[in-house]
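Step one of this worksheet: look at the structure below.
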Amino acid sequence: MYATDTLMDERELVLRLIDGDEDAFCELYAAYKNRLLYFAMKFVKSREFAEDIFQDAFTVVWQSRRFINPDASFPSYLYTIVRNRILNQIRDMANEDKLKEYILSHAVDSANETNNKILFDDLKDVVSRALEQLTPRQREVFNMSRDLQMSHKEIAEALGVSVNTVQEHISVSLKVIRAYLTKYSGTSADILLILLCLNL
């Protein structure tokens, strides 16, 4: 009986979520956080990566809430999103290993500080131009998240907005930045290098 009641309560939350109820979103967010983090950490072996995967997954949930089927299994829906994000993370980590090999094979002389500084300054310039593509509020939220290492909740409280609004700003910012970097650079290795400098 308890399990049935729990399922009914969750379905009610999902229906409210579909209607844009932020309280329902926060309840589902809290209810699934620990178990999804544990699930993700079994694969990526990093609390930080697991947190990113979880946050990204619930950003997707909020943005695509109108397309959720309330009669389908919500846990299965969530785990599918998280699983796909885990696969993407593992792929990116593999790409990072390839990038390190690329850098080592194409690196300038480590003793040549002038050349290294020029390369680093060029990359910083590209990053700055990418950030200029954001709106002032997107840039503010993005910097608070990446530079100040503030949580989404802390940013929301500091700016007087909802956690969902913060998540949407960060999600859109990442898409804008990645699109700019993809357009800017001609090789995947260069794009990965810039993304690493951005710590995306």
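Going by the structure tokens order, chains are called A, B, ..., each with residues numbered from 1, while ligands are numbered from 1 in the order shown.
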Would you pick out the contacts of Glu48 (chain A) at 12 Å or less, using only C-alpha atoms, so that residues sharing its chain but fewer than 3 positions from it are not included, and give the list as a PDB file with C-alpha atoms, in the first residue's frame?
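Below you can see result.pdb, which holds the result:
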ATOM      1  CA  LEU A  37      24.574  10.906  -7.708  1.00  0.00           C
ATOM      2  CA  TYR A  38      25.399   7.434  -6.376  1.00  0.00           C
ATOM      3  CA  ALA A  40      26.602   8.373 -11.681  1.00  0.00           C
ATOM      4  CA  MET A  41      29.598   8.070  -9.343  1.00  0.00           C
ATOM      5  CA  VAL A  44      32.602   8.492 -13.496  1.00  0.00           C
ATOM      6  CA  LYS A  45      34.337   7.993 -10.109  1.00  0.00           C
ATOM      7  CA  GLU A  51      27.130  16.608  -9.667  1.00  0.00           C
ATOM      8  CA  ASP A  52      27.493  18.089 -13.163  1.00  0.00           C
ATOM      9  CA  ILE A  53      25.687  15.118 -14.693  1.00  0.00           C
ATOM     10  CA  PHE A  54      22.864  15.347 -12.159  1.00  0.00           C
ATOM     11  CA  GLN A  55      22.453  19.110 -12.597  1.00  0.00           C
ATOM     12  CA  GLN A  89      31.119  12.269 -19.859  1.00  0.00           C
ATOM     13  CA  GLN A 149      32.317  27.897  -7.662  1.00  0.00           C
ATOM     14  CA  SER A 151      26.096  26.222  -6.324  1.00  0.00           C
TER      15      SER A 151
END
Nearby residues (only C-alpha atoms) at most 12 Å from Val176 (chain A), same-chain spacing under 6 positions excluded, as a CSV table (one decimal) with all heavy atoms, in the first residue's frame:
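Saved file out11.csv follows:
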chain,number,residue,atom,x,y,z
A,127,VAL,N,38.6,32.7,-25.3
A,127,VAL,CA,37.6,32.5,-24.2
A,127,VAL,C,36.8,33.8,-23.9
A,127,VAL,O,35.6,33.8,-23.8
A,127,VAL,CB,38.3,32.0,-23.0
A,127,VAL,CG1,37.4,32.0,-21.8
A,127,VAL,CG2,38.8,30.5,-23.2
A,129,ARG,N,36.2,36.3,-25.9
A,129,ARG,CA,35.3,36.6,-27.0
A,129,ARG,C,34.1,35.6,-27.0
A,129,ARG,O,33.0,36.1,-27.3
A,129,ARG,CB,36.0,36.4,-28.4
A,129,ARG,CG,37.1,37.5,-28.6
A,129,ARG,CD,37.3,37.7,-30.1
A,129,ARG,NE,37.7,36.5,-30.8
A,129,ARG,CZ,39.0,36.1,-30.9
A,129,ARG,NH1,40.0,36.8,-30.4
A,129,ARG,NH2,39.3,35.0,-31.6
A,130,ALA,N,34.3,34.4,-26.6
A,130,ALA,CA,33.2,33.5,-26.4
A,130,ALA,C,32.2,34.0,-25.4
A,130,ALA,O,31.0,33.9,-25.5
A,130,ALA,CB,33.7,32.1,-26.1
A,131,LEU,N,32.8,34.4,-24.2
A,131,LEU,CA,31.9,34.9,-23.1
A,131,LEU,C,31.2,36.2,-23.5
A,131,LEU,O,30.1,36.4,-23.0
A,131,LEU,CB,32.8,35.2,-21.9
A,131,LEU,CG,33.4,33.9,-21.2
A,131,LEU,CD1,34.3,34.3,-20.1
A,131,LEU,CD2,32.3,33.0,-20.7
A,132,GLU,N,31.7,36.9,-24.5
A,132,GLU,CA,31.1,38.2,-24.9
A,132,GLU,C,29.8,37.9,-25.7
A,132,GLU,O,28.9,38.8,-25.9
A,132,GLU,CB,32.0,39.0,-25.8
A,132,GLU,CG,33.1,39.7,-25.0
A,132,GLU,CD,34.1,40.3,-25.9
A,132,GLU,OE1,34.0,40.3,-27.1
A,132,GLU,OE2,35.1,40.9,-25.3
A,133,GLN,N,29.6,36.6,-26.1
A,133,GLN,CA,28.4,36.2,-26.9
A,133,GLN,C,27.2,36.1,-25.9
A,133,GLN,O,26.1,36.0,-26.4
A,133,GLN,CB,28.6,34.9,-27.6
A,133,GLN,CG,29.9,34.8,-28.4
A,133,GLN,CD,30.0,36.0,-29.4
A,133,GLN,OE1,29.1,36.2,-30.2
A,133,GLN,NE2,31.1,36.7,-29.4
A,134,LEU,N,27.5,36.0,-24.6
A,134,LEU,CA,26.4,35.9,-23.6
A,134,LEU,C,25.7,37.2,-23.3
A,134,LEU,O,26.4,38.3,-23.4
A,134,LEU,CB,26.9,35.2,-22.4
A,134,LEU,CG,27.7,33.9,-22.5
A,134,LEU,CD1,28.2,33.5,-21.1
A,134,LEU,CD2,26.8,32.9,-23.1
A,135,THR,N,24.5,37.2,-22.8
A,135,THR,CA,23.9,38.4,-22.3
A,135,THR,C,24.5,38.7,-21.0
A,135,THR,O,25.2,37.8,-20.3
A,135,THR,CB,22.4,38.1,-22.1
A,135,THR,OG1,22.2,37.2,-21.0
A,135,THR,CG2,21.7,37.7,-23.3
A,138,GLN,N,23.4,36.2,-18.3
A,138,GLN,CA,24.0,34.9,-18.5
A,138,GLN,C,25.5,34.9,-18.1
A,138,GLN,O,25.9,33.9,-17.5
A,138,GLN,CB,23.9,34.5,-20.0
A,138,GLN,CG,22.5,34.2,-20.4
A,138,GLN,CD,22.4,34.0,-22.0
A,138,GLN,OE1,23.3,34.4,-22.7
A,138,GLN,NE2,21.2,33.6,-22.4
A,139,ARG,N,26.2,35.9,-18.5
A,139,ARG,CA,27.6,36.0,-18.1
A,139,ARG,C,27.8,36.1,-16.6
A,139,ARG,O,28.7,35.4,-16.1
A,139,ARG,CB,28.3,37.2,-18.8
A,139,ARG,CG,29.8,37.2,-18.8
A,139,ARG,CD,30.4,38.1,-19.9
A,139,ARG,NE,29.8,39.4,-19.9
A,139,ARG,CZ,29.1,39.9,-20.9
A,139,ARG,NH1,28.8,39.2,-22.0
A,139,ARG,NH2,28.6,41.1,-20.9
A,142,PHE,N,27.0,32.6,-15.2
A,142,PHE,CA,28.1,31.7,-15.6
A,142,PHE,C,29.3,31.9,-14.8
A,142,PHE,O,30.0,30.9,-14.3
A,142,PHE,CB,28.4,31.9,-17.1
A,142,PHE,CG,29.3,30.8,-17.7
A,142,PHE,CD1,28.9,29.6,-18.1
A,142,PHE,CD2,30.7,31.1,-17.8
A,142,PHE,CE1,29.7,28.7,-18.6
A,142,PHE,CE2,31.6,30.2,-18.3
A,142,PHE,CZ,31.1,28.9,-18.7
A,169,HIS,N,20.0,29.5,-17.4
A,169,HIS,CA,21.0,30.5,-17.9
A,169,HIS,C,22.3,29.7,-18.2
A,169,HIS,O,23.0,30.0,-19.2
A,169,HIS,CB,21.3,31.5,-16.8
A,169,HIS,CG,20.3,32.7,-16.8
A,169,HIS,ND1,20.0,33.3,-17.9
A,169,HIS,CD2,19.6,33.3,-15.8
A,169,HIS,CE1,19.2,34.3,-17.6
A,169,HIS,NE2,18.9,34.3,-16.3
A,170,ILE,N,22.7,28.8,-17.3
A,170,ILE,CA,23.9,28.0,-17.5
A,170,ILE,C,23.8,27.1,-18.7
A,170,ILE,O,24.8,27.0,-19.5
A,170,ILE,CB,24.3,27.2,-16.2
A,170,ILE,CG1,24.6,28.2,-15.1
A,170,ILE,CG2,25.4,26.3,-16.5
A,170,ILE,CD1,24.9,27.5,-13.7
A,182,THR,N,33.2,26.2,-31.6
A,182,THR,CA,33.1,25.3,-32.8
A,182,THR,C,33.3,26.1,-34.0
A,182,THR,O,34.1,25.7,-35.0
A,182,THR,CB,31.8,24.5,-32.8
A,182,THR,OG1,31.7,23.7,-31.6
A,182,THR,CG2,31.8,23.5,-34.0
A,183,LYS,N,32.7,27.2,-34.1
A,183,LYS,CA,32.8,28.1,-35.3
A,183,LYS,C,34.2,28.7,-35.4
A,183,LYS,O,34.7,28.8,-36.5
A,183,LYS,CB,31.8,29.2,-35.2
A,183,LYS,CG,31.8,30.1,-36.4
A,183,LYS,CD,30.7,31.2,-36.3
A,183,LYS,CE,30.7,32.1,-37.5
A,183,LYS,NZ,29.6,33.2,-37.3
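Nearest residue to Trp62 (chain A) among A:Arg91, A:Arg16, A:Arg146, A:Arg178 is A:Arg16, counting only C-alpha atoms.
You will find CA of Cys26 (chain A) at 13.5 Å from CA of Glu12 (chain A).
Checking A:Ala158, A:Val126, A:Leu148, A:Ile86 one by one against Ser46 (chain A), counting only C-alpha atoms, you find the shortest gap at A:Ile86.
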Inset, instruction - Using only C-alpha atoms, find the one residue out of A:Ala72, A:Ser128, A:Lys33, A:Ile155 that sits nearest to Glu140 (chain A). - result: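 Closest to Glu140 (chain A), using only C-alpha atoms: A:Ile155.
Distance check against Phe67 (chain A) using only C-alpha atoms: of A:Leu159, A:Ala24, A:Ile18, A:Val166, the minimum falls on A:Ile18.
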Legend entry - Separation of CA of Val14 (chain A) from CA of Ile68 (chain A) in Å: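 Interatomic distance here is 8.2 Å.
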Inset, instruction - Identify which of the residues A:Ala179, A:Lys42, A:Asp56, A:Arg66 lies closest to Asp21 (chain A), counting only C-alpha atoms when measuring atom-to-atom distances. - result: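 Of all the options, A:Arg66 lies closest to Asp21 (chain A).
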Legend entry - Per-residue DSSP, region 47-76 of chain A, filtered to helix (DSSP H, G or I), as an MDAnalysis selection string: chainID A and resid 47:63 65:67 74:76
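Look at Phe39 (chain A): the protein and nucleic acid residues within 9 Å of it, using only C-alpha atoms and passing over chain neighbours fewer than 5 places away, are A:Asn34, A:Ala50, A:Tyr79, A:Val82, A:Arg83.
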Inset, instruction - Give me, please, the distance in Å between CA of Asn84 (chain A) and CA of Tyr32 (chain A), quoted to one decimal. - result: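 Separation between CA of Asn84 (chain A) and CA of Tyr32 (chain A): 16.7 Å.
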